[in-house]
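S.K.: Below is the file my_file.cif, which contains mmCIF, N, CA, C and O atoms.
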```cif
data_data
loop_
_atom_site.group_PDB
_atom_site.id
_atom_site.type_symbol
_atom_site.label_atom_id
_atom_site.label_comp_id
_atom_site.auth_asym_id
_atom_site.auth_seq_id
_atom_site.Cartn_x
_atom_site.Cartn_y
_atom_site.Cartn_z
ATOM 1 N N MET A 1467 1.794 -8.307 -10.232
ATOM 2 C CA MET A 1467 1.714 -7.765 -8.893
ATOM 3 C C MET A 1467 0.568 -6.760 -8.819
ATOM 4 O O MET A 1467 0.270 -6.072 -9.780
ATOM 5 N N ILE A 1468 -0.029 -6.686 -7.645
ATOM 6 C CA ILE A 1468 -1.116 -5.750 -7.373
ATOM 7 C C ILE A 1468 -0.586 -4.658 -6.452
ATOM 8 O O ILE A 1468 0.024 -4.962 -5.425
ATOM 9 N N GLY A 1469 -0.805 -3.419 -6.802
ATOM 10 C CA GLY A 1469 -0.444 -2.291 -5.952
ATOM 11 C C GLY A 1469 -1.661 -1.844 -5.161
ATOM 12 O O GLY A 1469 -2.765 -1.786 -5.710
ATOM 13 N N ILE A 1470 -1.455 -1.560 -3.876
ATOM 14 C CA ILE A 1470 -2.548 -1.107 -3.009
ATOM 15 C C ILE A 1470 -2.113 0.186 -2.329
ATOM 16 O O ILE A 1470 -1.041 0.246 -1.724
ATOM 17 N N VAL A 1471 -2.966 1.207 -2.419
ATOM 18 C CA VAL A 1471 -2.709 2.491 -1.756
ATOM 19 C C VAL A 1471 -3.756 2.683 -0.673
ATOM 20 O O VAL A 1471 -4.954 2.525 -0.912
ATOM 21 N N THR A 1472 -3.293 3.009 0.534
ATOM 22 C CA THR A 1472 -4.187 3.397 1.623
ATOM 23 C C THR A 1472 -3.793 4.794 2.089
ATOM 24 O O THR A 1472 -2.709 5.275 1.773
ATOM 25 N N ALA A 1473 -4.664 5.419 2.875
ATOM 26 C CA ALA A 1473 -4.397 6.772 3.361
ATOM 27 C C ALA A 1473 -3.923 6.778 4.807
ATOM 28 O O ALA A 1473 -3.030 7.539 5.165
ATOM 29 N N MET A 1474 -4.529 5.940 5.634
ATOM 30 C CA MET A 1474 -4.332 6.036 7.078
ATOM 31 C C MET A 1474 -3.694 4.777 7.657
ATOM 32 O O MET A 1474 -3.836 3.691 7.097
ATOM 33 N N PRO A 1475 -3.030 4.914 8.813
ATOM 34 C CA PRO A 1475 -2.425 3.748 9.458
ATOM 35 C C PRO A 1475 -3.421 2.628 9.741
ATOM 36 O O PRO A 1475 -3.089 1.452 9.584
ATOM 37 N N GLU A 1476 -4.644 2.976 10.119
ATOM 38 C CA GLU A 1476 -5.647 1.946 10.414
ATOM 39 C C GLU A 1476 -5.966 1.119 9.169
ATOM 40 O O GLU A 1476 -6.183 -0.097 9.257
ATOM 41 N N GLU A 1477 -5.996 1.776 8.017
ATOM 42 C CA GLU A 1477 -6.262 1.079 6.757
ATOM 43 C C GLU A 1477 -5.086 0.188 6.380
ATOM 44 O O GLU A 1477 -5.258 -0.967 5.977
ATOM 45 N N ARG A 1478 -3.877 0.735 6.502
ATOM 46 C CA ARG A 1478 -2.663 -0.039 6.211
ATOM 47 C C ARG A 1478 -2.602 -1.276 7.094
ATOM 48 O O ARG A 1478 -2.343 -2.384 6.622
ATOM 49 N N THR A 1479 -2.860 -1.108 8.380
ATOM 50 C CA THR A 1479 -2.794 -2.213 9.333
ATOM 51 C C THR A 1479 -3.793 -3.308 8.981
ATOM 52 O O THR A 1479 -3.470 -4.493 9.061
ATOM 53 N N ALA A 1480 -5.000 -2.924 8.577
ATOM 54 C CA ALA A 1480 -6.015 -3.911 8.207
ATOM 55 C C ALA A 1480 -5.551 -4.757 7.026
ATOM 56 O O ALA A 1480 -5.724 -5.976 7.015
ATOM 57 N N VAL A 1481 -4.942 -4.132 6.024
ATOM 58 C CA VAL A 1481 -4.441 -4.880 4.864
ATOM 59 C C VAL A 1481 -3.249 -5.746 5.274
ATOM 60 O O VAL A 1481 -3.169 -6.922 4.897
ATOM 61 N N LEU A 1482 -2.343 -5.186 6.060
ATOM 62 C CA LEU A 1482 -1.161 -5.946 6.478
ATOM 63 C C LEU A 1482 -1.528 -7.198 7.275
ATOM 64 O O LEU A 1482 -0.856 -8.227 7.159
ATOM 65 N N LYS A 1483 -2.589 -7.134 8.068
ATOM 66 C CA LYS A 1483 -3.020 -8.299 8.838
ATOM 67 C C LYS A 1483 -3.412 -9.462 7.938
ATOM 68 O O LYS A 1483 -3.289 -10.620 8.325
ATOM 69 N N ALA A 1484 -3.899 -9.145 6.740
ATOM 70 C CA ALA A 1484 -4.309 -10.187 5.799
ATOM 71 C C ALA A 1484 -3.145 -10.682 4.933
ATOM 72 O O ALA A 1484 -3.263 -11.713 4.274
ATOM 73 N N MET A 1485 -2.026 -9.961 4.932
ATOM 74 C CA MET A 1485 -0.881 -10.325 4.098
ATOM 75 C C MET A 1485 0.045 -11.295 4.833
ATOM 76 O O MET A 1485 0.082 -11.326 6.058
ATOM 77 N N CYS A 1486 0.814 -12.052 4.061
ATOM 78 C CA CYS A 1486 1.846 -12.904 4.635
ATOM 79 C C CYS A 1486 3.154 -12.665 3.871
ATOM 80 O O CYS A 1486 3.164 -12.040 2.818
ATOM 81 N N GLN A 1487 4.248 -13.142 4.462
ATOM 82 C CA GLN A 1487 5.588 -12.975 3.890
ATOM 83 C C GLN A 1487 5.895 -11.503 3.605
ATOM 84 O O GLN A 1487 6.402 -11.152 2.539
ATOM 85 N N VAL A 1488 5.606 -10.646 4.558
ATOM 86 C CA VAL A 1488 5.723 -9.198 4.370
ATOM 87 C C VAL A 1488 7.151 -8.728 4.601
ATOM 88 O O VAL A 1488 7.792 -9.091 5.592
ATOM 89 N N THR A 1489 7.646 -7.936 3.665
ATOM 90 C CA THR A 1489 8.906 -7.218 3.824
ATOM 91 C C THR A 1489 8.594 -5.743 3.616
ATOM 92 O O THR A 1489 7.573 -5.387 3.023
ATOM 93 N N ARG A 1490 9.465 -4.893 4.113
ATOM 94 C CA ARG A 1490 9.225 -3.467 3.891
ATOM 95 C C ARG A 1490 10.506 -2.797 3.430
ATOM 96 O O ARG A 1490 11.610 -3.225 3.759
ATOM 97 N N ASP A 1491 10.293 -1.731 2.668
ATOM 98 C CA ASP A 1491 11.397 -0.995 2.072
ATOM 99 C C ASP A 1491 10.942 0.448 1.897
ATOM 100 O O ASP A 1491 9.757 0.700 1.684
ATOM 101 N N ARG A 1492 11.867 1.383 1.985
ATOM 102 C CA ARG A 1492 11.513 2.794 1.830
ATOM 103 C C ARG A 1492 11.885 3.269 0.428
ATOM 104 O O ARG A 1492 12.984 3.030 -0.051
ATOM 105 N N HIS A 1493 10.922 3.909 -0.239
ATOM 106 C CA HIS A 1493 11.130 4.504 -1.559
ATOM 107 C C HIS A 1493 10.488 5.880 -1.563
ATOM 108 O O HIS A 1493 9.331 6.032 -1.168
ATOM 109 N N GLY A 1494 11.209 6.871 -1.998
ATOM 110 C CA GLY A 1494 10.635 8.207 -2.143
ATOM 111 C C GLY A 1494 9.986 8.748 -0.885
ATOM 112 O O GLY A 1494 8.997 9.463 -0.957
ATOM 113 N N GLY A 1495 10.504 8.365 0.269
ATOM 114 C CA GLY A 1495 9.955 8.851 1.527
ATOM 115 C C GLY A 1495 8.772 8.056 2.054
ATOM 116 O O GLY A 1495 8.251 8.361 3.122
ATOM 117 N N LEU A 1496 8.309 7.050 1.327
ATOM 118 C CA LEU A 1496 7.196 6.219 1.775
ATOM 119 C C LEU A 1496 7.672 4.792 2.025
ATOM 120 O O LEU A 1496 8.535 4.292 1.309
ATOM 121 N N LEU A 1497 7.082 4.161 3.028
ATOM 122 C CA LEU A 1497 7.342 2.739 3.250
ATOM 123 C C LEU A 1497 6.471 1.928 2.305
ATOM 124 O O LEU A 1497 5.269 2.189 2.177
ATOM 125 N N LEU A 1498 7.086 0.972 1.648
ATOM 126 C CA LEU A 1498 6.362 0.035 0.798
ATOM 127 C C LEU A 1498 6.420 -1.328 1.457
ATOM 128 O O LEU A 1498 7.476 -1.765 1.914
ATOM 129 N N TYR A 1499 5.293 -1.990 1.521
ATOM 130 C CA TYR A 1499 5.180 -3.318 2.123
ATOM 131 C C TYR A 1499 4.889 -4.316 1.009
ATOM 132 O O TYR A 1499 3.877 -4.203 0.330
ATOM 133 N N ARG A 1500 5.794 -5.266 0.824
ATOM 134 C CA ARG A 1500 5.603 -6.294 -0.204
ATOM 135 C C ARG A 1500 5.274 -7.603 0.474
ATOM 136 O O ARG A 1500 5.819 -7.910 1.538
ATOM 137 N N GLY A 1501 4.407 -8.380 -0.158
ATOM 138 C CA GLY A 1501 4.066 -9.678 0.388
ATOM 139 C C GLY A 1501 3.040 -10.374 -0.466
ATOM 140 O O GLY A 1501 2.885 -10.077 -1.655
ATOM 141 N N GLN A 1502 2.331 -11.306 0.166
ATOM 142 C CA GLN A 1502 1.315 -12.110 -0.511
ATOM 143 C C GLN A 1502 -0.042 -11.831 0.129
ATOM 144 O O GLN A 1502 -0.146 -11.712 1.337
ATOM 145 N N LEU A 1503 -1.050 -11.757 -0.711
ATOM 146 C CA LEU A 1503 -2.430 -11.589 -0.258
ATOM 147 C C LEU A 1503 -3.288 -12.469 -1.155
ATOM 148 O O LEU A 1503 -3.312 -12.263 -2.377
ATOM 149 N N ALA A 1504 -3.937 -13.462 -0.568
ATOM 150 C CA ALA A 1504 -4.752 -14.416 -1.343
ATOM 151 C C ALA A 1504 -3.918 -15.036 -2.472
ATOM 152 O O ALA A 1504 -4.370 -15.132 -3.602
ATOM 153 N N GLN A 1505 -2.695 -15.379 -2.149
ATOM 154 C CA GLN A 1505 -1.756 -16.038 -3.066
ATOM 155 C C GLN A 1505 -1.374 -15.171 -4.264
ATOM 156 O O GLN A 1505 -0.971 -15.673 -5.299
ATOM 157 N N LYS A 1506 -1.505 -13.860 -4.114
ATOM 158 C CA LYS A 1506 -1.103 -12.906 -5.146
ATOM 159 C C LYS A 1506 -0.016 -12.007 -4.572
ATOM 160 O O LYS A 1506 -0.082 -11.608 -3.405
ATOM 161 N N ALA A 1507 0.965 -11.654 -5.401
ATOM 162 C CA ALA A 1507 1.997 -10.707 -4.983
ATOM 163 C C ALA A 1507 1.385 -9.314 -4.908
ATOM 164 O O ALA A 1507 0.683 -8.887 -5.829
ATOM 165 N N VAL A 1508 1.624 -8.626 -3.793
ATOM 166 C CA VAL A 1508 1.100 -7.270 -3.611
ATOM 167 C C VAL A 1508 2.178 -6.350 -3.063
ATOM 168 O O VAL A 1508 3.144 -6.792 -2.443
ATOM 169 N N CYS A 1509 1.999 -5.063 -3.315
ATOM 170 C CA CYS A 1509 2.838 -4.030 -2.717
ATOM 171 C C CYS A 1509 1.902 -2.947 -2.204
ATOM 172 O O CYS A 1509 1.071 -2.419 -2.947
ATOM 173 N N LEU A 1510 2.025 -2.627 -0.934
ATOM 174 C CA LEU A 1510 1.138 -1.699 -0.241
ATOM 175 C C LEU A 1510 1.893 -0.429 0.125
ATOM 176 O O LEU A 1510 3.022 -0.493 0.610
ATOM 177 N N ALA A 1511 1.266 0.709 -0.110
ATOM 178 C CA ALA A 1511 1.831 1.999 0.296
ATOM 179 C C ALA A 1511 0.771 2.794 1.046
ATOM 180 O O ALA A 1511 -0.362 2.922 0.580
ATOM 181 N N GLU A 1512 1.134 3.313 2.208
ATOM 182 C CA GLU A 1512 0.268 4.246 2.940
ATOM 183 C C GLU A 1512 0.691 5.644 2.528
ATOM 184 O O GLU A 1512 1.746 6.122 2.927
ATOM 185 N N GLY A 1513 -0.154 6.303 1.731
ATOM 186 C CA GLY A 1513 0.227 7.580 1.154
ATOM 187 C C GLY A 1513 -0.073 8.784 2.012
ATOM 188 O O GLY A 1513 0.595 9.798 1.913
ATOM 189 N N GLY A 1514 -1.101 8.690 2.839
ATOM 190 C CA GLY A 1514 -1.540 9.835 3.610
ATOM 191 C C GLY A 1514 -2.909 10.282 3.127
ATOM 192 O O GLY A 1514 -3.426 9.820 2.113
ATOM 193 N N ILE A 1515 -3.493 11.233 3.859
ATOM 194 C CA ILE A 1515 -4.861 11.686 3.590
ATOM 195 C C ILE A 1515 -4.871 12.735 2.479
ATOM 196 O O ILE A 1515 -4.016 13.618 2.445
ATOM 197 N N GLY A 1516 -5.853 12.620 1.583
ATOM 198 C CA GLY A 1516 -6.051 13.613 0.536
ATOM 199 C C GLY A 1516 -5.636 13.127 -0.839
ATOM 200 O O GLY A 1516 -4.888 12.157 -0.987
ATOM 201 N N THR A 1517 -6.149 13.835 -1.848
ATOM 202 C CA THR A 1517 -5.895 13.423 -3.222
ATOM 203 C C THR A 1517 -4.432 13.583 -3.630
ATOM 204 O O THR A 1517 -3.909 12.766 -4.388
ATOM 205 N N THR A 1518 -3.768 14.614 -3.140
ATOM 206 C CA THR A 1518 -2.361 14.813 -3.476
ATOM 207 C C THR A 1518 -1.513 13.677 -2.929
ATOM 208 O O THR A 1518 -0.652 13.130 -3.631
ATOM 209 N N ALA A 1519 -1.772 13.290 -1.684
ATOM 210 C CA ALA A 1519 -1.027 12.192 -1.066
ATOM 211 C C ALA A 1519 -1.316 10.871 -1.770
ATOM 212 O O ALA A 1519 -0.405 10.065 -2.010
ATOM 213 N N ALA A 1520 -2.565 10.643 -2.130
ATOM 214 C CA ALA A 1520 -2.938 9.408 -2.833
ATOM 215 C C ALA A 1520 -2.274 9.350 -4.202
ATOM 216 O O ALA A 1520 -1.763 8.297 -4.611
ATOM 217 N N ALA A 1521 -2.265 10.469 -4.905
ATOM 218 C CA ALA A 1521 -1.643 10.520 -6.228
ATOM 219 C C ALA A 1521 -0.136 10.261 -6.134
ATOM 220 O O ALA A 1521 0.433 9.552 -6.970
ATOM 221 N N ARG A 1522 0.499 10.823 -5.123
ATOM 222 C CA ARG A 1522 1.941 10.615 -4.929
ATOM 223 C C ARG A 1522 2.246 9.146 -4.672
ATOM 224 O O ARG A 1522 3.169 8.578 -5.264
ATOM 225 N N ALA A 1523 1.470 8.505 -3.795
ATOM 226 C CA ALA A 1523 1.686 7.093 -3.483
ATOM 227 C C ALA A 1523 1.406 6.223 -4.703
ATOM 228 O O ALA A 1523 2.150 5.279 -4.991
ATOM 229 N N ALA A 1524 0.346 6.533 -5.441
ATOM 230 C CA ALA A 1524 0.013 5.761 -6.642
ATOM 231 C C ALA A 1524 1.120 5.889 -7.676
ATOM 232 O O ALA A 1524 1.540 4.883 -8.278
ATOM 233 N N LYS A 1525 1.620 7.093 -7.894
ATOM 234 C CA LYS A 1525 2.701 7.306 -8.860
ATOM 235 C C LYS A 1525 3.959 6.561 -8.440
ATOM 236 O O LYS A 1525 4.630 5.939 -9.273
ATOM 237 N N LEU A 1526 4.269 6.589 -7.162
ATOM 238 C CA LEU A 1526 5.440 5.875 -6.663
ATOM 239 C C LEU A 1526 5.310 4.376 -6.934
ATOM 240 O O LEU A 1526 6.250 3.739 -7.422
ATOM 241 N N LEU A 1527 4.144 3.810 -6.624
ATOM 242 C CA LEU A 1527 3.930 2.383 -6.894
ATOM 243 C C LEU A 1527 4.032 2.084 -8.382
ATOM 244 O O LEU A 1527 4.672 1.105 -8.787
ATOM 245 N N LEU A 1528 3.402 2.909 -9.212
ATOM 246 C CA LEU A 1528 3.433 2.680 -10.654
ATOM 247 C C LEU A 1528 4.852 2.773 -11.209
ATOM 248 O O LEU A 1528 5.258 1.960 -12.041
ATOM 249 N N ASP A 1529 5.618 3.754 -10.737
ATOM 250 C CA ASP A 1529 6.975 3.969 -11.247
ATOM 251 C C ASP A 1529 7.977 2.920 -10.752
ATOM 252 O O ASP A 1529 8.856 2.514 -11.496
ATOM 253 N N THR A 1530 7.846 2.507 -9.494
ATOM 254 C CA THR A 1530 8.870 1.618 -8.916
ATOM 255 C C THR A 1530 8.493 0.146 -8.943
ATOM 256 O O THR A 1530 9.364 -0.707 -9.024
ATOM 257 N N GLN A 1531 7.200 -0.169 -8.871
ATOM 258 C CA GLN A 1531 6.777 -1.567 -8.775
ATOM 259 C C GLN A 1531 6.093 -2.075 -10.045
ATOM 260 O O GLN A 1531 5.970 -3.279 -10.232
ATOM 261 N N ARG A 1532 5.581 -1.163 -10.857
ATOM 262 C CA ARG A 1532 4.910 -1.491 -12.110
ATOM 263 C C ARG A 1532 3.815 -2.550 -11.941
ATOM 264 O O ARG A 1532 3.831 -3.588 -12.597
ATOM 265 N N PRO A 1533 2.850 -2.306 -11.047
ATOM 266 C CA PRO A 1533 1.782 -3.289 -10.835
ATOM 267 C C PRO A 1533 0.879 -3.416 -12.063
ATOM 268 O O PRO A 1533 0.720 -2.468 -12.836
ATOM 269 N N SER A 1534 0.281 -4.584 -12.218
ATOM 270 C CA SER A 1534 -0.671 -4.786 -13.305
ATOM 271 C C SER A 1534 -2.059 -4.271 -12.916
ATOM 272 O O SER A 1534 -2.917 -4.057 -13.772
ATOM 273 N N LEU A 1535 -2.268 -4.062 -11.620
ATOM 274 C CA LEU A 1535 -3.533 -3.549 -11.088
ATOM 275 C C LEU A 1535 -3.211 -2.638 -9.912
ATOM 276 O O LEU A 1535 -2.347 -2.966 -9.091
ATOM 277 N N LEU A 1536 -3.882 -1.507 -9.818
ATOM 278 C CA LEU A 1536 -3.690 -0.576 -8.705
ATOM 279 C C LEU A 1536 -5.030 -0.360 -8.018
ATOM 280 O O LEU A 1536 -6.019 -0.007 -8.669
ATOM 281 N N VAL A 1537 -5.064 -0.579 -6.702
ATOM 282 C CA VAL A 1537 -6.287 -0.478 -5.911
ATOM 283 C C VAL A 1537 -6.110 0.605 -4.851
ATOM 284 O O VAL A 1537 -5.100 0.632 -4.146
ATOM 285 N N SER A 1538 -7.093 1.467 -4.733
ATOM 286 C CA SER A 1538 -7.149 2.410 -3.622
ATOM 287 C C SER A 1538 -8.106 1.822 -2.584
ATOM 288 O O SER A 1538 -9.287 1.654 -2.873
ATOM 289 N N ALA A 1539 -7.570 1.493 -1.419
ATOM 290 C CA ALA A 1539 -8.364 0.804 -0.390
ATOM 291 C C ALA A 1539 -8.464 1.668 0.845
ATOM 292 O O ALA A 1539 -7.492 2.258 1.282
ATOM 293 N N GLY A 1540 -9.677 1.719 1.432
ATOM 294 C CA GLY A 1540 -9.852 2.486 2.647
ATOM 295 C C GLY A 1540 -11.271 2.406 3.161
ATOM 296 O O GLY A 1540 -12.109 1.698 2.612
ATOM 297 N N PHE A 1541 -11.483 3.136 4.223
ATOM 298 C CA PHE A 1541 -12.763 3.102 4.911
ATOM 299 C C PHE A 1541 -13.572 4.380 4.712
ATOM 300 O O PHE A 1541 -14.580 4.588 5.355
ATOM 301 N N CYS A 1542 -13.099 5.272 3.844
ATOM 302 C CA CYS A 1542 -13.795 6.541 3.557
ATOM 303 C C CYS A 1542 -14.073 7.343 4.826
ATOM 304 O O CYS A 1542 -15.137 7.931 4.989
ATOM 305 N N GLY A 1543 -13.149 7.326 5.764
ATOM 306 C CA GLY A 1543 -13.283 8.102 6.979
ATOM 307 C C GLY A 1543 -14.088 7.422 8.081
ATOM 308 O O GLY A 1543 -14.214 7.951 9.173
ATOM 309 N N ALA A 1544 -14.630 6.241 7.834
ATOM 310 C CA ALA A 1544 -15.477 5.554 8.814
ATOM 311 C C ALA A 1544 -14.669 4.503 9.561
ATOM 312 O O ALA A 1544 -14.962 3.308 9.494
ATOM 313 N N ILE A 1545 -13.650 4.926 10.286
ATOM 314 C CA ILE A 1545 -12.773 3.961 10.958
ATOM 315 C C ILE A 1545 -13.234 3.592 12.369
ATOM 316 O O ILE A 1545 -12.663 2.731 12.988
ATOM 317 N N ARG A 1546 -14.256 4.223 12.853
ATOM 318 C CA ARG A 1546 -14.719 3.895 14.196
ATOM 319 C C ARG A 1546 -15.773 2.816 14.171
ATOM 320 O O ARG A 1546 -16.643 2.743 13.404
#
```
Translate the structure described by the file into structure tokens.
M.R.:
Amino acid sequence: MIGIVTAMPEERTAVLKAMCQVTRDRHGGLLLYRGQLAQKAVCLAEGGIGTTAAARAAKLLLDTQRPSLLVSAGFCGAIR
């Protein structure tokens, strides 16, 4: 499984649009979205803005989902 961390709703939405068979579940106060992306199992977490929020979301994914790959995906503030 691949873990994906985003910061903002716009980033999460962009990834979710590309995913199929999506389910969601709440862990540690964050929503986790599980599904398929390019025929690979993925779990997506929107952690929030900043390094502390990203670290929290990454740790949650690593601890609960145990992905073989963890990706931080986003637009670096260029969402317009």
S.K.: Near range 1484-1492 of chain A, counting only N, CA, C and O atoms, which residues have an atom at most 7 Å away, once you skip same-chain residues fewer than 3 positions from it, shown as a ChimeraX atom specification?
M.R.: /A:1478-1481,1495-1504,1510
S.K.: Write a file of the just-selected residues containing N, CA, C and O atoms, as a PDB file, in the frame of the given file.
M.R.:
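Output (part11.pdb):
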```pdb
ATOM      1  N   ARG A1478      -3.877   0.735   6.502  1.00  0.00           N
ATOM      2  CA  ARG A1478      -2.663  -0.039   6.211  1.00  0.00           C
ATOM      3  C   ARG A1478      -2.602  -1.276   7.094  1.00  0.00           C
ATOM      4  O   ARG A1478      -2.343  -2.384   6.622  1.00  0.00           O
ATOM      5  N   THR A1479      -2.860  -1.108   8.380  1.00  0.00           N
ATOM      6  CA  THR A1479      -2.794  -2.213   9.333  1.00  0.00           C
ATOM      7  C   THR A1479      -3.793  -3.308   8.981  1.00  0.00           C
ATOM      8  O   THR A1479      -3.470  -4.493   9.061  1.00  0.00           O
ATOM      9  N   ALA A1480      -5.000  -2.924   8.577  1.00  0.00           N
ATOM     10  CA  ALA A1480      -6.015  -3.911   8.207  1.00  0.00           C
ATOM     11  C   ALA A1480      -5.551  -4.757   7.026  1.00  0.00           C
ATOM     12  O   ALA A1480      -5.724  -5.976   7.015  1.00  0.00           O
ATOM     13  N   VAL A1481      -4.942  -4.132   6.024  1.00  0.00           N
ATOM     14  CA  VAL A1481      -4.441  -4.880   4.864  1.00  0.00           C
ATOM     15  C   VAL A1481      -3.249  -5.746   5.274  1.00  0.00           C
ATOM     16  O   VAL A1481      -3.169  -6.922   4.897  1.00  0.00           O
ATOM     17  N   GLY A1495      10.504   8.365   0.269  1.00  0.00           N
ATOM     18  CA  GLY A1495       9.955   8.851   1.527  1.00  0.00           C
ATOM     19  C   GLY A1495       8.772   8.056   2.054  1.00  0.00           C
ATOM     20  O   GLY A1495       8.251   8.361   3.122  1.00  0.00           O
ATOM     21  N   LEU A1496       8.309   7.050   1.327  1.00  0.00           N
ATOM     22  CA  LEU A1496       7.196   6.219   1.775  1.00  0.00           C
ATOM     23  C   LEU A1496       7.672   4.792   2.025  1.00  0.00           C
ATOM     24  O   LEU A1496       8.535   4.292   1.309  1.00  0.00           O
ATOM     25  N   LEU A1497       7.082   4.161   3.028  1.00  0.00           N
ATOM     26  CA  LEU A1497       7.342   2.739   3.250  1.00  0.00           C
ATOM     27  C   LEU A1497       6.471   1.928   2.305  1.00  0.00           C
ATOM     28  O   LEU A1497       5.269   2.189   2.177  1.00  0.00           O
ATOM     29  N   LEU A1498       7.086   0.972   1.648  1.00  0.00           N
ATOM     30  CA  LEU A1498       6.362   0.035   0.798  1.00  0.00           C
ATOM     31  C   LEU A1498       6.420  -1.328   1.457  1.00  0.00           C
ATOM     32  O   LEU A1498       7.476  -1.765   1.914  1.00  0.00           O
ATOM     33  N   TYR A1499       5.293  -1.990   1.521  1.00  0.00           N
ATOM     34  CA  TYR A1499       5.180  -3.318   2.123  1.00  0.00           C
ATOM     35  C   TYR A1499       4.889  -4.316   1.009  1.00  0.00           C
ATOM     36  O   TYR A1499       3.877  -4.203   0.330  1.00  0.00           O
ATOM     37  N   ARG A1500       5.794  -5.266   0.824  1.00  0.00           N
ATOM     38  CA  ARG A1500       5.603  -6.294  -0.204  1.00  0.00           C
ATOM     39  C   ARG A1500       5.274  -7.603   0.474  1.00  0.00           C
ATOM     40  O   ARG A1500       5.819  -7.910   1.538  1.00  0.00           O
ATOM     41  N   GLY A1501       4.407  -8.380  -0.158  1.00  0.00           N
ATOM     42  CA  GLY A1501       4.066  -9.678   0.388  1.00  0.00           C
ATOM     43  C   GLY A1501       3.040 -10.374  -0.466  1.00  0.00           C
ATOM     44  O   GLY A1501       2.885 -10.077  -1.655  1.00  0.00           O
ATOM     45  N   GLN A1502       2.331 -11.306   0.166  1.00  0.00           N
ATOM     46  CA  GLN A1502       1.315 -12.110  -0.511  1.00  0.00           C
ATOM     47  C   GLN A1502      -0.042 -11.831   0.129  1.00  0.00           C
ATOM     48  O   GLN A1502      -0.146 -11.712   1.337  1.00  0.00           O
ATOM     49  N   LEU A1503      -1.050 -11.757  -0.711  1.00  0.00           N
ATOM     50  CA  LEU A1503      -2.430 -11.589  -0.258  1.00  0.00           C
ATOM     51  C   LEU A1503      -3.288 -12.469  -1.155  1.00  0.00           C
ATOM     52  O   LEU A1503      -3.312 -12.263  -2.377  1.00  0.00           O
ATOM     53  N   ALA A1504      -3.937 -13.462  -0.568  1.00  0.00           N
ATOM     54  CA  ALA A1504      -4.752 -14.416  -1.343  1.00  0.00           C
ATOM     55  C   ALA A1504      -3.918 -15.036  -2.472  1.00  0.00           C
ATOM     56  O   ALA A1504      -4.370 -15.132  -3.602  1.00  0.00           O
ATOM     57  N   LEU A1510       2.025  -2.627  -0.934  1.00  0.00           N
ATOM     58  CA  LEU A1510       1.138  -1.699  -0.241  1.00  0.00           C
ATOM     59  C   LEU A1510       1.893  -0.429   0.125  1.00  0.00           C
ATOM     60  O   LEU A1510       3.022  -0.493   0.610  1.00  0.00           O
TER      61      LEU A1510
END
```
S.K.: Which is closer to Met1467 in chain A than all the others in A:Ala1519, A:Phe1541, A:Gly1514, A:Cys1509, using only C-alpha atoms?
M.R.: A:Cys1509
S.K.: Which of these, A:Leu1482, A:Ala1523, A:Glu1477, A:Leu1528, has the shortest distance to Ala1511 in chain A once you count only C-alpha atoms?
M.R.: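 Selected residue with least distance to Ala1511 in chain A: A:Ala1523.
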S.K.: Excluding Gly1469 in chain A and its own-chain neighbours fewer than 2 positions away, which residues fall within 7 Å of it when counting only C-alpha atoms? Please give them as a list in words.
M.R.: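 Close residues of Gly1469 in chain A: Met1467, Val1471, Val1508, Cys1509, Leu1510, Leu1527, Pro1533, Leu1535, Leu1536 and Val1537 of chain A.
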S.K.: Please evaluate the PyMOL selection byres ((chain A and resi 1473) around 5) against the structure above and give the resulting residues as an MDAnalysis selection string.
M.R.: chainID A and resid 1471:1472 1474:1475 1512:1515 1539
S.K.: Running DSSP on the backbone, which parts of chain A land in helix (DSSP H, G or I), as an MDAnalysis selection string?
M.R.: chainID A and resid 1475:1484 1517:1530
S.K.: Atom O of Ala1524 in chain A to CA of Lys1483 in chain A: how many Å, to one decimal?
M.R.: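 These two atoms are separated by 22.1 Å.
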S.K.: I need the residue nearest Ser1534 in chain A from this list: A:Ala1507, A:Gly1516, A:Glu1476, A:Arg1522. Use all atoms listed in the file for the distance.
M.R.: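 Selected residue with least distance to Ser1534 in chain A: A:Ala1507.
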S.K.: Taking the DSSP secondary structure from the backbone, can you list the residues of chain A that are strand (DSSP E), as a PyMOL selection string?
M.R.: chain A and resi 1468-1472+1486-1493+1496-1503+1506-1512+1535-1538
S.K.: Which value, in Å to one decimal, gives the distance between atom C of Gln1531 in chain A and atom O of Ile1470 in chain A?
M.R.: 11.2 Å
S.K.: When you draw a straight line from atom O of Leu1526 in chain A to atom C of Gly1494 in chain A, how long is it in Å?
M.R.: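 Taking atom O of Leu1526 in chain A and atom C of Gly1494 in chain A, their separation equals 9.0 Å.
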S.K.: Report, as AutoDock Vina command-line options, the centre and edge lengths in Å (one decimal) of the axis-aligned box enclosing every listed atom of range 1478-1497 of chain A, padded by 4 Å on each side.
M.R.:
```
--center_x 3.5 --center_y -1.8 --center_z 3.6 --size_x 27.0 --size_y 30.6 --size_z 19.5
```
